[in-house]
>>> print(open('my_file.txt').read())   # compact mmCIF, C-alpha atoms and all ligand atoms
# COMPACT_ATOMS: atom_id res chain seq x y z
CA MET A 1303 137.90 67.57 52.97
CA GLN A 1304 138.72 64.31 51.22
CA GLN A 1305 135.96 61.71 51.56
CA ALA A 1306 136.82 58.09 52.23
CA THR A 1307 135.30 55.88 49.56
CA PRO A 1308 132.80 53.58 51.23
CA GLY A 1309 133.85 49.96 50.82
CA PRO A 1310 131.59 46.93 50.89
CA ILE A 1311 129.75 46.41 54.20
CA PRO A 1312 131.47 43.60 56.02
CA ASP A 1313 129.23 41.02 57.60
CA ARG A 1314 130.32 39.14 60.71
CA ALA A 1315 132.18 36.41 58.84
CA ALA A 1316 133.99 39.03 56.79
CA CYS A 1317 134.95 40.84 60.01
CA ALA A 1318 136.25 37.61 61.51
CA ARG A 1319 138.32 37.12 58.36
CA LEU A 1320 139.80 40.62 58.65
CA ASP A 1321 140.77 39.78 62.25
CA ALA A 1322 142.30 36.45 61.32
CA GLU A 1323 144.27 37.86 58.42
CA HIS A 1324 145.66 41.02 59.98
CA PRO A 1325 149.27 40.62 61.14
CA LEU A 1326 148.40 42.27 64.47
CA GLY A 1327 145.14 40.35 64.96
CA ARG A 1328 146.71 38.17 67.68
CA LEU A 1329 148.11 40.95 69.86
CA ARG A 1330 144.94 40.74 71.92
CA GLU A 1331 146.60 37.74 73.59
CA ARG A 1332 148.94 40.19 75.28
CA PHE A 1333 146.03 41.39 77.45
CA ARG A 1334 143.69 40.02 80.07
CA MET A 1335 140.40 41.18 78.66
CA PRO A 1336 137.28 41.37 80.87
CA LYS A 1337 135.12 38.24 80.40
CA ASP A 1338 132.11 38.24 78.08
CA THR A 1339 132.56 41.92 77.43
CA ILE A 1340 133.15 44.02 74.37
CA TYR A 1341 135.57 46.58 75.72
CA LEU A 1342 135.59 49.81 73.70
CA CYS A 1343 136.77 52.19 76.38
CA GLY A 1344 140.54 51.92 76.07
CA ASN A 1345 140.57 55.61 75.16
CA SER A 1346 139.60 56.19 78.80
CA MET A 1347 141.42 53.34 80.49
CA GLY A 1348 143.29 50.44 78.93
CA PRO A 1349 142.99 46.79 80.07
CA VAL A 1350 145.64 44.84 82.00
CA GLY A 1351 148.59 43.57 80.00
CA VAL A 1352 149.60 39.95 80.68
CA ASP A 1353 153.02 41.03 81.99
CA VAL A 1354 151.62 43.52 84.49
CA PRO A 1355 150.58 41.25 87.40
CA ASP A 1356 154.00 39.56 87.50
CA GLY A 1357 155.79 42.88 87.28
CA MET A 1358 153.80 44.25 90.19
CA ARG A 1359 154.13 41.07 92.25
CA ARG A 1360 157.89 41.22 91.82
CA ALA A 1361 157.95 44.87 92.81
CA VAL A 1362 156.01 44.21 96.01
CA GLU A 1363 157.18 40.75 97.03
CA VAL A 1364 160.83 40.98 96.04
CA GLU A 1365 161.92 44.59 95.63
CA TRP A 1366 159.82 46.23 98.34
CA THR A 1367 159.74 43.22 100.70
CA GLU A 1368 163.38 42.23 100.49
CA SER A 1369 165.21 45.44 99.69
CA VAL A 1370 162.89 48.09 101.14
CA VAL A 1371 164.70 51.46 100.96
CA ARG A 1372 167.70 49.98 99.18
CA ALA A 1373 165.45 49.15 96.19
CA TRP A 1374 165.73 52.82 95.12
CA SER A 1375 169.18 51.90 93.84
CA SER A 1376 169.35 48.07 93.83
CA ALA A 1377 166.11 47.66 91.84
CA GLY A 1378 166.62 50.80 89.76
CA TRP A 1379 163.60 52.60 91.21
CA HIS A 1380 165.32 55.96 91.16
CA VAL A 1381 166.06 55.84 87.44
CA ALA A 1382 162.67 54.39 86.47
CA PRO A 1383 161.18 57.71 85.21
CA SER A 1384 163.89 58.03 82.56
CA ARG A 1385 164.05 54.29 81.86
CA VAL A 1386 160.32 54.09 81.14
CA GLY A 1387 160.56 57.39 79.24
CA ALA A 1388 163.21 55.86 76.99
CA LEU A 1389 160.99 52.84 76.40
CA LEU A 1390 158.13 55.12 75.46
CA SER A 1391 160.16 57.40 73.19
CA ARG A 1392 159.84 55.07 70.19
CA LEU A 1393 156.04 55.39 70.32
CA ILE A 1394 156.17 59.16 69.86
CA GLY A 1395 159.11 59.66 67.55
CA ALA A 1396 161.51 61.10 70.13
CA GLU A 1397 165.02 60.32 71.30
CA GLU A 1398 165.43 58.30 74.47
CA ASN A 1399 166.68 61.21 76.54
CA GLU A 1400 163.89 63.53 75.46
CA VAL A 1401 161.09 61.74 77.34
CA ILE A 1402 160.45 61.23 81.04
CA VAL A 1403 157.57 59.58 82.88
CA VAL A 1404 156.46 61.74 85.81
CA ASP A 1405 153.43 63.30 87.46
CA SER A 1406 150.06 63.61 85.69
CA THR A 1407 149.37 65.09 82.27
CA SER A 1408 147.84 68.14 83.93
CA VAL A 1409 150.90 68.79 86.08
CA ASN A 1410 153.27 68.23 83.16
CA LEU A 1411 151.26 70.68 81.08
CA PHE A 1412 151.66 73.25 83.81
CA LYS A 1413 155.41 72.73 84.04
CA LEU A 1414 155.93 72.81 80.28
CA LEU A 1415 153.69 75.82 79.66
CA VAL A 1416 155.43 77.93 82.30
CA GLY A 1417 158.73 76.78 80.82
CA ALA A 1418 157.53 77.71 77.33
CA MET A 1419 156.53 81.23 78.41
CA ARG A 1420 159.99 81.66 79.87
CA LEU A 1421 161.63 80.33 76.70
CA ASN A 1422 159.75 82.86 74.61
CA PRO A 1423 159.98 86.06 76.67
CA GLY A 1424 158.22 89.16 75.41
CA ARG A 1425 155.25 87.14 74.19
CA ARG A 1426 152.19 86.76 76.38
CA VAL A 1427 149.65 84.66 74.51
CA ILE A 1428 148.94 80.93 74.85
CA VAL A 1429 146.81 79.59 72.02
CA ALA A 1430 144.53 76.73 73.11
CA GLU A 1431 141.63 74.98 71.47
CA ARG A 1432 137.97 75.34 72.36
CA GLY A 1433 136.54 71.86 72.94
CA ASP A 1434 139.91 70.36 73.89
CA PHE A 1435 140.07 68.05 76.92
CA PRO A 1436 139.11 70.50 79.68
CA THR A 1437 142.24 70.17 81.80
CA ASP A 1438 144.32 71.62 78.95
CA PRO A 1439 142.54 75.00 78.72
CA TYR A 1440 142.18 75.10 82.54
CA ILE A 1441 145.92 74.76 82.96
CA ALA A 1442 146.64 77.21 80.14
CA ALA A 1443 144.41 79.81 81.83
CA SER A 1444 146.15 79.32 85.14
CA VAL A 1445 149.62 79.65 83.61
CA ALA A 1446 148.57 82.76 81.70
CA GLU A 1447 147.22 84.34 84.87
CA MET A 1448 150.37 83.52 86.79
CA MET A 1449 152.69 84.79 84.05
CA GLY A 1450 150.72 87.98 83.27
CA GLY A 1451 149.63 86.62 79.91
CA GLU A 1452 146.37 85.55 78.31
CA VAL A 1453 144.81 82.53 76.65
CA ARG A 1454 143.44 82.80 73.14
CA LEU A 1455 140.82 80.04 72.99
CA VAL A 1456 139.85 79.26 69.39
CA ASP A 1457 137.86 76.70 67.42
CA PRO A 1458 139.96 73.97 65.76
CA GLN A 1459 139.47 75.33 62.24
CA ASP A 1460 140.60 78.82 63.35
CA LEU A 1461 143.76 77.63 65.04
CA ALA A 1462 146.24 78.39 62.27
CA ALA A 1463 144.86 81.89 61.76
CA ALA A 1464 145.08 82.64 65.49
CA ILE A 1465 148.86 82.19 65.64
CA ASP A 1466 150.59 85.55 65.30
CA SER A 1467 153.67 87.34 66.59
CA THR A 1468 152.20 87.77 70.08
CA VAL A 1469 151.93 84.02 70.67
CA ALA A 1470 154.45 82.35 72.96
CA VAL A 1471 153.15 78.81 72.67
CA VAL A 1472 150.41 76.83 70.98
CA ALA A 1473 149.11 73.95 73.10
CA VAL A 1474 146.62 71.51 71.60
CA SER A 1475 145.78 67.82 71.48
CA GLU A 1476 146.79 65.98 68.34
CA VAL A 1477 143.55 63.97 68.52
CA ASN A 1478 140.50 65.51 70.16
CA TYR A 1479 139.03 63.39 72.97
CA ARG A 1480 135.46 64.08 71.96
CA THR A 1481 135.29 64.40 68.18
CA CYS A 1482 138.41 62.34 67.41
CA HIS A 1483 139.52 65.02 64.94
CA ARG A 1484 143.26 64.76 64.29
CA HIS A 1485 145.46 67.75 63.51
CA ASP A 1486 148.26 67.64 60.97
CA MET A 1487 151.18 67.72 63.40
CA ALA A 1488 153.87 68.74 60.93
CA ALA A 1489 151.80 71.50 59.31
CA MET A 1490 150.60 73.01 62.59
CA THR A 1491 154.07 72.92 64.10
CA ARG A 1492 155.46 74.67 61.01
CA ARG A 1493 152.72 77.28 61.29
CA ALA A 1494 153.60 77.95 64.93
CA HIS A 1495 157.32 78.21 64.17
CA ASP A 1496 156.72 80.55 61.22
CA ALA A 1497 155.11 82.94 63.73
CA GLY A 1498 157.93 82.46 66.23
CA ALA A 1499 155.80 80.44 68.65
CA LEU A 1500 156.61 77.16 70.36
CA MET A 1501 154.45 74.10 69.73
CA LEU A 1502 153.24 71.81 72.52
CA TRP A 1503 151.30 68.65 71.62
CA ASP A 1504 149.08 66.68 73.96
CA LEU A 1505 149.32 63.09 72.72
CA SER A 1506 146.88 61.55 75.21
CA HIS A 1507 144.52 60.33 72.49
CA SER A 1508 147.02 59.48 69.78
CA ALA A 1509 150.06 57.75 71.32
CA GLY A 1510 149.70 53.99 71.28
CA THR A 1511 147.43 53.93 68.23
CA MET A 1512 149.59 55.35 65.43
CA GLN A 1513 153.09 56.42 64.47
CA ILE A 1514 153.90 59.84 65.89
CA ALA A 1515 156.92 61.77 64.71
CA LEU A 1516 157.59 64.58 67.19
CA ASN A 1517 161.15 65.18 66.05
CA ALA A 1518 160.40 64.82 62.34
CA ALA A 1519 157.71 67.48 62.85
CA ASN A 1520 160.22 69.57 64.82
CA ALA A 1521 157.83 69.77 67.79
CA ASP A 1522 159.12 71.57 70.87
CA LEU A 1523 157.17 70.05 73.74
CA ALA A 1524 154.66 67.29 74.35
CA VAL A 1525 152.72 65.62 77.12
CA GLY A 1526 150.52 62.53 77.25
CA CYS A 1527 148.63 60.19 79.40
CA GLY A 1528 149.77 56.76 80.67
CA TYR A 1529 146.45 55.08 81.44
CA LYS A 1530 144.61 55.33 78.12
CA TYR A 1531 146.02 53.64 74.99
CA LEU A 1532 149.28 52.90 76.81
CA ASN A 1533 147.38 50.72 79.30
CA GLY A 1534 149.40 51.81 82.34
CA GLY A 1535 146.54 51.25 84.81
CA PRO A 1536 144.55 53.50 87.13
CA GLY A 1537 146.51 56.62 87.98
CA ALA A 1538 149.46 55.65 85.79
CA PRO A 1539 152.01 58.46 85.63
CA ALA A 1540 152.05 60.61 82.51
CA TYR A 1541 154.97 61.51 80.25
CA ALA A 1542 156.59 64.67 79.01
CA PHE A 1543 158.79 65.41 76.02
CA VAL A 1544 161.18 68.33 75.67
CA ALA A 1545 163.15 68.62 72.42
CA ARG A 1546 166.83 68.36 73.19
CA ARG A 1547 167.51 71.88 71.86
CA HIS A 1548 165.40 73.38 74.66
CA GLN A 1549 166.42 71.18 77.54
CA HIS A 1550 169.34 73.14 78.93
CA ARG A 1551 167.48 76.47 78.92
CA ARG A 1552 164.14 75.34 80.27
CA ARG A 1553 163.44 76.14 83.90
CA GLN A 1554 160.39 74.88 85.68
CA PRO A 1555 158.34 75.33 88.71
CA PRO A 1556 158.21 73.53 90.99
CA PRO A 1557 161.91 72.84 91.54
CA GLY A 1558 161.55 69.68 93.59
CA TRP A 1559 164.45 67.71 94.97
CA HIS A 1560 164.25 64.84 92.46
CA GLY A 1561 164.84 67.37 89.66
CA HIS A 1562 168.02 68.54 91.37
CA ALA A 1563 171.38 67.79 89.76
CA ALA A 1564 172.32 65.75 92.84
CA PRO A 1565 169.15 64.87 94.78
CA PHE A 1566 170.92 62.80 97.41
CA ALA A 1567 173.52 65.44 98.16
CA PHE A 1568 170.74 67.33 99.99
CA ALA A 1569 172.27 70.64 98.97
CA GLU A 1570 170.92 73.88 100.36
CA THR A 1571 170.26 75.49 97.00
CA TYR A 1572 168.53 74.19 93.91
CA GLU A 1573 170.58 73.34 90.87
CA PRO A 1574 168.62 71.91 87.92
CA GLY A 1575 169.42 68.37 86.80
CA GLU A 1576 170.83 67.43 83.42
CA GLY A 1577 168.53 67.66 80.38
CA ILE A 1578 165.18 65.97 80.72
CA LEU A 1579 165.89 64.95 84.33
CA ARG A 1580 165.05 68.41 85.63
CA LEU A 1581 161.42 67.71 84.76
CA ARG A 1582 161.24 65.52 87.81
CA CYS A 1583 159.86 67.06 90.94
CA GLY A 1584 159.04 64.83 93.91
CA THR A 1585 159.25 61.09 94.48
CA SER A 1586 157.69 59.00 91.71
CA PRO A 1587 154.78 56.58 92.21
CA GLN A 1588 157.03 53.56 91.85
CA LEU A 1589 154.43 50.79 91.72
CA SER A 1590 152.49 52.63 89.04
CA LEU A 1591 155.66 53.22 87.06
CA ILE A 1592 156.40 49.49 87.14
CA ALA A 1593 152.85 48.72 85.98
CA LEU A 1594 153.25 51.13 83.06
CA GLU A 1595 156.63 49.69 82.16
CA ALA A 1596 155.21 46.16 82.11
CA ALA A 1597 152.22 47.37 80.10
CA LEU A 1598 154.48 48.85 77.43
CA ALA A 1599 155.74 45.32 76.71
CA ALA A 1600 152.52 44.89 74.70
CA PHE A 1601 154.07 47.19 72.07
CA GLU A 1602 157.25 45.13 71.75
CA GLY A 1603 158.03 44.34 68.13
CA VAL A 1604 154.94 46.21 66.93
CA ASP A 1605 155.51 48.26 63.78
CA LEU A 1606 153.58 51.48 64.42
CA LYS A 1607 152.65 51.85 60.76
CA VAL A 1608 151.01 48.43 60.88
CA LEU A 1609 149.34 49.40 64.15
CA ARG A 1610 147.89 52.48 62.47
CA ASN A 1611 146.80 50.33 59.53
CA ARG A 1612 144.90 48.09 61.97
CA SER A 1613 143.38 51.16 63.62
CA GLU A 1614 142.19 52.43 60.21
CA GLN A 1615 140.73 49.03 59.41
CA LEU A 1616 138.74 49.09 62.66
CA SER A 1617 137.43 52.61 62.24
CA ALA A 1618 136.67 52.11 58.52
CA THR A 1619 134.65 49.03 59.48
CA PHE A 1620 132.74 51.09 62.04
CA VAL A 1621 132.06 53.90 59.58
CA ALA A 1622 130.90 51.49 56.87
CA LEU A 1623 128.49 49.81 59.30
CA TYR A 1624 127.35 53.22 60.53
CA ASP A 1625 126.52 54.28 56.97
CA ALA A 1626 124.64 51.07 56.32
CA HIS A 1627 122.73 50.71 59.58
CA LEU A 1628 122.98 53.61 62.02
CA ALA A 1629 122.63 56.80 59.96
CA SER A 1630 119.01 55.84 59.24
CA ARG A 1631 118.35 55.17 62.95
CA GLY A 1632 118.88 58.67 64.31
CA PHE A 1633 122.64 58.54 64.83
CA SER A 1634 125.08 60.98 63.30
CA LEU A 1635 128.83 60.65 62.92
CA LEU A 1636 130.88 63.24 64.82
CA THR A 1637 134.27 61.77 63.89
CA PRO A 1638 135.79 63.01 60.61
CA ARG A 1639 135.24 60.76 57.60
CA ASP A 1640 138.71 61.31 56.20
CA PRO A 1641 140.85 58.55 57.78
CA ALA A 1642 143.90 60.83 57.77
CA ARG A 1643 142.04 63.36 59.90
CA ARG A 1644 140.86 61.04 62.63
CA GLY A 1645 142.33 59.09 65.53
CA ALA A 1646 141.30 55.73 66.92
CA HIS A 1647 137.84 56.20 68.37
CA ILE A 1648 134.48 56.73 66.77
CA SER A 1649 132.02 59.23 68.21
CA LEU A 1650 128.34 59.10 67.38
CA VAL A 1651 125.69 61.59 68.37
CA HIS A 1652 122.16 60.51 69.25
CA PRO A 1653 119.56 62.59 71.12
CA GLN A 1654 118.95 59.62 73.45
CA GLY A 1655 122.67 58.91 73.72
CA TYR A 1656 122.69 58.55 77.49
CA ALA A 1657 119.95 55.90 77.65
CA ILE A 1658 121.38 54.06 74.64
CA MET A 1659 124.79 53.83 76.33
CA GLN A 1660 123.20 52.53 79.53
CA ALA A 1661 121.38 49.87 77.51
CA LEU A 1662 124.65 48.94 75.77
CA LEU A 1663 126.45 48.65 79.12
CA ALA A 1664 123.70 46.30 80.32
CA ARG A 1665 124.65 44.09 77.35
CA ARG A 1666 128.28 44.23 78.42
CA VAL A 1667 129.33 46.49 75.58
CA VAL A 1668 131.49 49.14 77.24
CA GLY A 1669 131.75 52.49 75.49
CA ASP A 1670 131.24 55.81 77.18
CA LEU A 1671 129.13 58.91 76.98
CA ARG A 1672 130.29 62.47 76.83
CA ALA A 1673 127.32 64.54 77.91
CA PRO A 1674 124.86 65.29 76.67
CA ASP A 1675 124.67 63.08 73.61
CA VAL A 1676 128.07 61.84 72.35
CA LEU A 1677 128.63 58.08 72.39
CA ARG A 1678 132.34 57.21 72.20
CA PHE A 1679 133.76 53.89 71.09
CA GLY A 1680 137.50 53.43 71.55
CA LEU A 1681 138.88 51.08 68.91
CA ALA A 1682 142.28 50.40 70.47
CA PRO A 1683 144.17 48.59 67.72
CA LEU A 1684 146.14 46.28 70.02
CA TYR A 1685 143.12 44.34 71.23
CA VAL A 1686 139.82 45.45 69.68
CA ARG A 1687 138.59 43.23 66.83
CA CYS A 1688 136.46 43.93 63.77
CA VAL A 1689 133.91 41.42 65.14
CA ASP A 1690 133.62 43.60 68.26
CA VAL A 1691 132.76 46.54 66.02
CA HIS A 1692 130.23 44.43 64.15
CA ASP A 1693 128.57 43.17 67.34
CA THR A 1694 128.43 46.68 68.81
CA VAL A 1695 126.65 48.07 65.75
CA GLN A 1696 124.31 45.08 65.85
CA ALA A 1697 123.54 45.81 69.53
CA LEU A 1698 122.90 49.49 68.76
CA MET A 1699 120.47 48.52 66.00
CA GLU A 1700 118.58 46.15 68.29
CA ILE A 1701 118.41 48.65 71.14
CA VAL A 1702 116.97 51.36 68.91
CA ASP A 1703 114.64 49.10 66.91
CA GLN A 1704 113.23 47.44 70.02
CA ARG A 1705 113.21 50.75 71.94
CA ILE A 1706 115.10 49.13 74.78
CA HIS A 1707 116.68 52.43 75.72
CA GLU A 1708 113.25 53.81 76.57
CA HIS A 1709 112.99 51.51 79.60
CA ALA A 1710 113.02 53.51 82.81
CA GLU A 1711 116.13 51.76 84.21
CA PHE A 1712 118.28 53.15 81.41
CA ARG A 1713 117.08 56.70 81.71
CA GLN A 1714 118.07 57.39 85.30
CA PRO A 1715 120.90 59.89 85.31
CA GLY A 1716 123.85 59.90 87.62
CA ARG A 1717 126.31 57.24 86.49
CA VAL A 1718 129.91 58.11 85.79
CA LEU A 1719 130.20 56.67 82.30
C1 LIG B 1801 143.16 62.10 79.55
C2 LIG B 1801 143.73 63.42 79.21
C3 LIG B 1801 144.41 64.14 80.17
C4 LIG B 1801 144.56 63.55 81.54
O1 LIG B 1801 145.19 64.33 82.44
P1 LIG B 1801 145.70 63.75 83.84
O2 LIG B 1801 146.10 64.95 84.53
O3 LIG B 1801 146.84 62.82 83.54
O4 LIG B 1801 144.57 62.99 84.45
C5 LIG B 1801 144.93 65.38 79.81
N1 LIG B 1801 144.80 65.85 78.56
C6 LIG B 1801 144.13 65.15 77.60
C7 LIG B 1801 144.02 65.69 76.22
C8 LIG B 1801 143.58 63.92 77.90
O5 LIG B 1801 142.92 63.23 76.98
>>> encode(input="my_file.txt", output="structure tokens")
Amino acid sequence: MQQATPGPIPDRAACARLDAEHPLGRLRERFRMPKDTIYLCGNSMGPVGVDVPDGMRRAVEVEWTESVVRAWSSAGWHVAPSRVGALLSRLIGAEENEVIVVDSTSVNLFKLLVGAMRLNPGRRVIVAERGDFPTDPYIAASVAEMMGGEVRLVDPQDLAAAIDSTVAVVAVSEVNYRTCHRHDMAAMTRRAHDAGALMLWDLSHSAGTMQIALNAANADLAVGCGYKYLNGGPGAPAYAFVARRHQHRRRQPPPGWHGHAAPFAFAETYEPGEGILRLRCGTSPQLSLIALEAALAAFEGVDLKVLRNRSEQLSATFVALYDAHLASRGFSLLTPRDPARRGAHISLVHPQGYAIMQALLARRVVGDLRAPDVLRFGLAPLYVRCVDVHDTVQALMEIVDQRIHEHAEFRQPGRVL
């Protein structure tokens, strides 16, 4: 694997300069950040965008209050899943009518995987990745059981070799939630197609931090999460992508009324809607959709290549400071060193990871812990600054050097983070 050449170790003033000079350094103003807090958990849940409160107030006080049921048409509620999907399509390299915002990532995975098995009849295997976000292999196992197939669960480095002529679909995350390892989307998709398999990408940990080119990679299907780097808020609906070439053939369970060709005709029998619309099932969570739509305004005018450049600057700063100050203090780096092979968070391992994260939280530095010992720091490029990275590393050094994490209050188990 290619090694990134270590640059000079930026001190705080140098970090502040990087922030001031980067063309996207001011995008943080598009968010309401929590006070006196270094927030490095946007990979779990993004902060509130400045346009979100007004969007929600309007939805409640005008659309819901004044129009009530008529808002489904007068305020465009009914078409919101495709409207927000179209808005999101630019972030993942898809066409506007290939993306829809509905349900949760887990539910969309289920719908797309069943659809994929039906699109590739005669093949029974779903390839999934060991160590992927757990819902993905759970859903794959359930679909396999239901469809009389099986899941082939393999380590990331064995993925390509595991794809053979028995495989119906390969379903993996582009960026791993724990290690932050990033697959080569184009190469893996080609590998799947060479074996006659379909390729489904979970973009939950990549969309909103980098340019993604689903269509350029010829991907078949994709899902992703609305509440992480897209900042859609708690319980934001997820999105699903189906390449246009598959849309007319794909059939899904469950065939809910909103996916019907004419939902308000209340016909006796189900007839699938046009293209991506048939991915809908029941009524959408309208207020959450409006929050996500308003949150996506933070990406307006943002060149995704420049966004990725900012993301690389943040993670390179973290890695440089890790090499200088944390490697010698009992931490190890779980995230790949090659910038091309990693996403936007940095994961460190430390045997006392849990207590160290509790001590960090007490200092209002918010990262999270993936048990038993992985400390994750989400470096969301829209609002995290290089000085935040600097101050976090500084706090880690102080906690370990002064053995603050050994205090009893930080060693009690049972918190969520
Ligand atoms: C966060 C995440 C999900 C979330 O699934 P929901 O059903 O929307 O809660 C799924 N897959 C991956 C890879 C994730 O990171």
>>> closest_residue(input="my_file.txt", among="A:Arg1484, A:Arg1631, A:His1692, A:His1652", to="ligand LIG 1801 (chain B)", atoms="all atoms listed in the file")
A:Arg1484
>>> closest_residue(input="my_file.txt", among="A:Val1381, A:Val1403, A:Ala1316, A:Ala1618", to="ligand LIG 1801 (chain B)", atoms="only C-alpha atoms and all ligand atoms")
A:Val1403
>>> residues_around(input="my_file.txt", residues="A:His1485", least_positions_apart="3", cutoff="7 Å", atoms="only C-alpha atoms", output="short mmCIF file (atom, residue, chain, number, x, y, z; two decimals) with C-alpha atoms, keeping the file's coordinate frame")
data_model
loop_
_atom_site.label_atom_id
_atom_site.label_comp_id
_atom_site.auth_asym_id
_atom_site.auth_seq_id
_atom_site.Cartn_x
_atom_site.Cartn_y
_atom_site.Cartn_z
CA GLU A 1476 146.79 65.98 68.34
CA VAL A 1477 143.55 63.97 68.52
CA ARG A 1643 142.04 63.36 59.90
#
>>> residues_near_ligand(input="my_file.txt", ligand="ligand LIG 1801 (chain B)", cutoff="6 Å", atoms="all atoms listed in the file", output="PDB file with C-alpha atoms, keeping the file's coordinate frame")
ATOM      1  CA  SER A1406     150.060  63.610  85.690  1.00  0.00           C
ATOM      2  CA  THR A1407     149.370  65.090  82.270  1.00  0.00           C
ATOM      3  CA  SER A1408     147.840  68.140  83.930  1.00  0.00           C
ATOM      4  CA  PHE A1435     140.070  68.050  76.920  1.00  0.00           C
ATOM      5  CA  THR A1437     142.240  70.170  81.800  1.00  0.00           C
ATOM      6  CA  ASP A1438     144.320  71.620  78.950  1.00  0.00           C
ATOM      7  CA  SER A1475     145.780  67.820  71.480  1.00  0.00           C
ATOM      8  CA  TYR A1479     139.030  63.390  72.970  1.00  0.00           C
ATOM      9  CA  ASP A1504     149.080  66.680  73.960  1.00  0.00           C
ATOM     10  CA  SER A1506     146.880  61.550  75.210  1.00  0.00           C
ATOM     11  CA  HIS A1507     144.520  60.330  72.490  1.00  0.00           C
ATOM     12  CA  CYS A1527     148.630  60.190  79.400  1.00  0.00           C
ATOM     13  CA  ALA A1540     152.050  60.610  82.510  1.00  0.00           C
TER      14      ALA A1540
END
>>> closest_residue(input="my_file.txt", among="A:Asn1478, A:Ala1489, A:Ala1524, A:His1380", to="A:Phe1412", atoms="all atoms listed in the file")
A:Ala1524
>>> atom_distance(input="my_file.txt", atom1="atom CA of A:Asp1522", atom2="atom CA of A:Leu1411")
12.9 Å
>>> closest_residue(input="my_file.txt", among="A:Leu1421, A:Val1427, A:Ala1382, A:Ala1521", to="A:Leu1579", atoms="all atoms listed in the file")
A:Ala1382
>>> residues_near_point(input="my_file.txt", point="(154.2, 82.4, 68.1)", cutoff="6 Å", atoms="all atoms listed in the file", output="list in words")
Ile1465, Asp1466, Ser1467, Val1469, Ala1470, Val1471, Ala1494, Ala1497, Gly1498 and Ala1499 of chain A
>>> residues_near_point(input="my_file.txt", point="(116.4, 47.4, 76.6)", cutoff="12 Å", atoms="all atoms listed in the file", output="list of chain:residue names")
A:Ala1657, A:Ile1658, A:Met1659, A:Gln1660, A:Ala1661, A:Leu1662, A:Leu1663, A:Ala1664, A:Arg1665, A:Ala1697, A:Leu1698, A:Met1699, A:Glu1700, A:Ile1701, A:Val1702, A:Asp1703, A:Gln1704, A:Arg1705, A:Ile1706, A:His1707, A:Glu1708, A:His1709, A:Ala1710, A:Glu1711, A:Phe1712, A:Arg1713
>>> decode(input="my_file.txt", residues="stretch 1698-1707 of chain A", atoms="N, CA, C and O atoms", output="compact mmCIF listing (two decimals), in the first residue's frame")
# COMPACT_ATOMS: atom_id res chain seq x y z
N LEU A 1698 -5.86 14.69 24.22
CA LEU A 1698 -5.51 13.27 24.39
C LEU A 1698 -4.16 13.13 25.08
O LEU A 1698 -3.99 12.28 25.96
N MET A 1699 -3.21 13.97 24.67
CA MET A 1699 -1.87 13.91 25.28
C MET A 1699 -1.97 14.22 26.77
O MET A 1699 -1.37 13.53 27.61
N GLU A 1700 -2.72 15.26 27.12
CA GLU A 1700 -2.83 15.65 28.52
C GLU A 1700 -3.52 14.58 29.36
O GLU A 1700 -3.10 14.27 30.47
N ILE A 1701 -4.57 14.01 28.79
CA ILE A 1701 -5.31 12.96 29.53
C ILE A 1701 -4.40 11.79 29.85
O ILE A 1701 -4.36 11.30 30.97
N VAL A 1702 -3.63 11.36 28.84
CA VAL A 1702 -2.77 10.19 29.04
C VAL A 1702 -1.59 10.54 29.96
O VAL A 1702 -1.28 9.81 30.90
N ASP A 1703 -0.97 11.69 29.72
CA ASP A 1703 0.21 12.06 30.52
C ASP A 1703 -0.14 12.28 31.98
O ASP A 1703 0.62 11.93 32.88
N GLN A 1704 -1.33 12.86 32.21
CA GLN A 1704 -1.72 13.14 33.60
C GLN A 1704 -2.59 12.01 34.17
O GLN A 1704 -3.13 12.13 35.27
N ARG A 1705 -2.72 10.94 33.42
CA ARG A 1705 -3.50 9.76 33.83
C ARG A 1705 -4.92 10.11 34.29
O ARG A 1705 -5.45 9.52 35.23
N ILE A 1706 -5.50 11.09 33.62
CA ILE A 1706 -6.84 11.53 34.00
C ILE A 1706 -7.86 10.41 33.75
O ILE A 1706 -8.81 10.24 34.51
N HIS A 1707 -7.62 9.63 32.73
CA HIS A 1707 -8.57 8.56 32.40
C HIS A 1707 -8.60 7.46 33.46
O HIS A 1707 -9.49 6.62 33.43
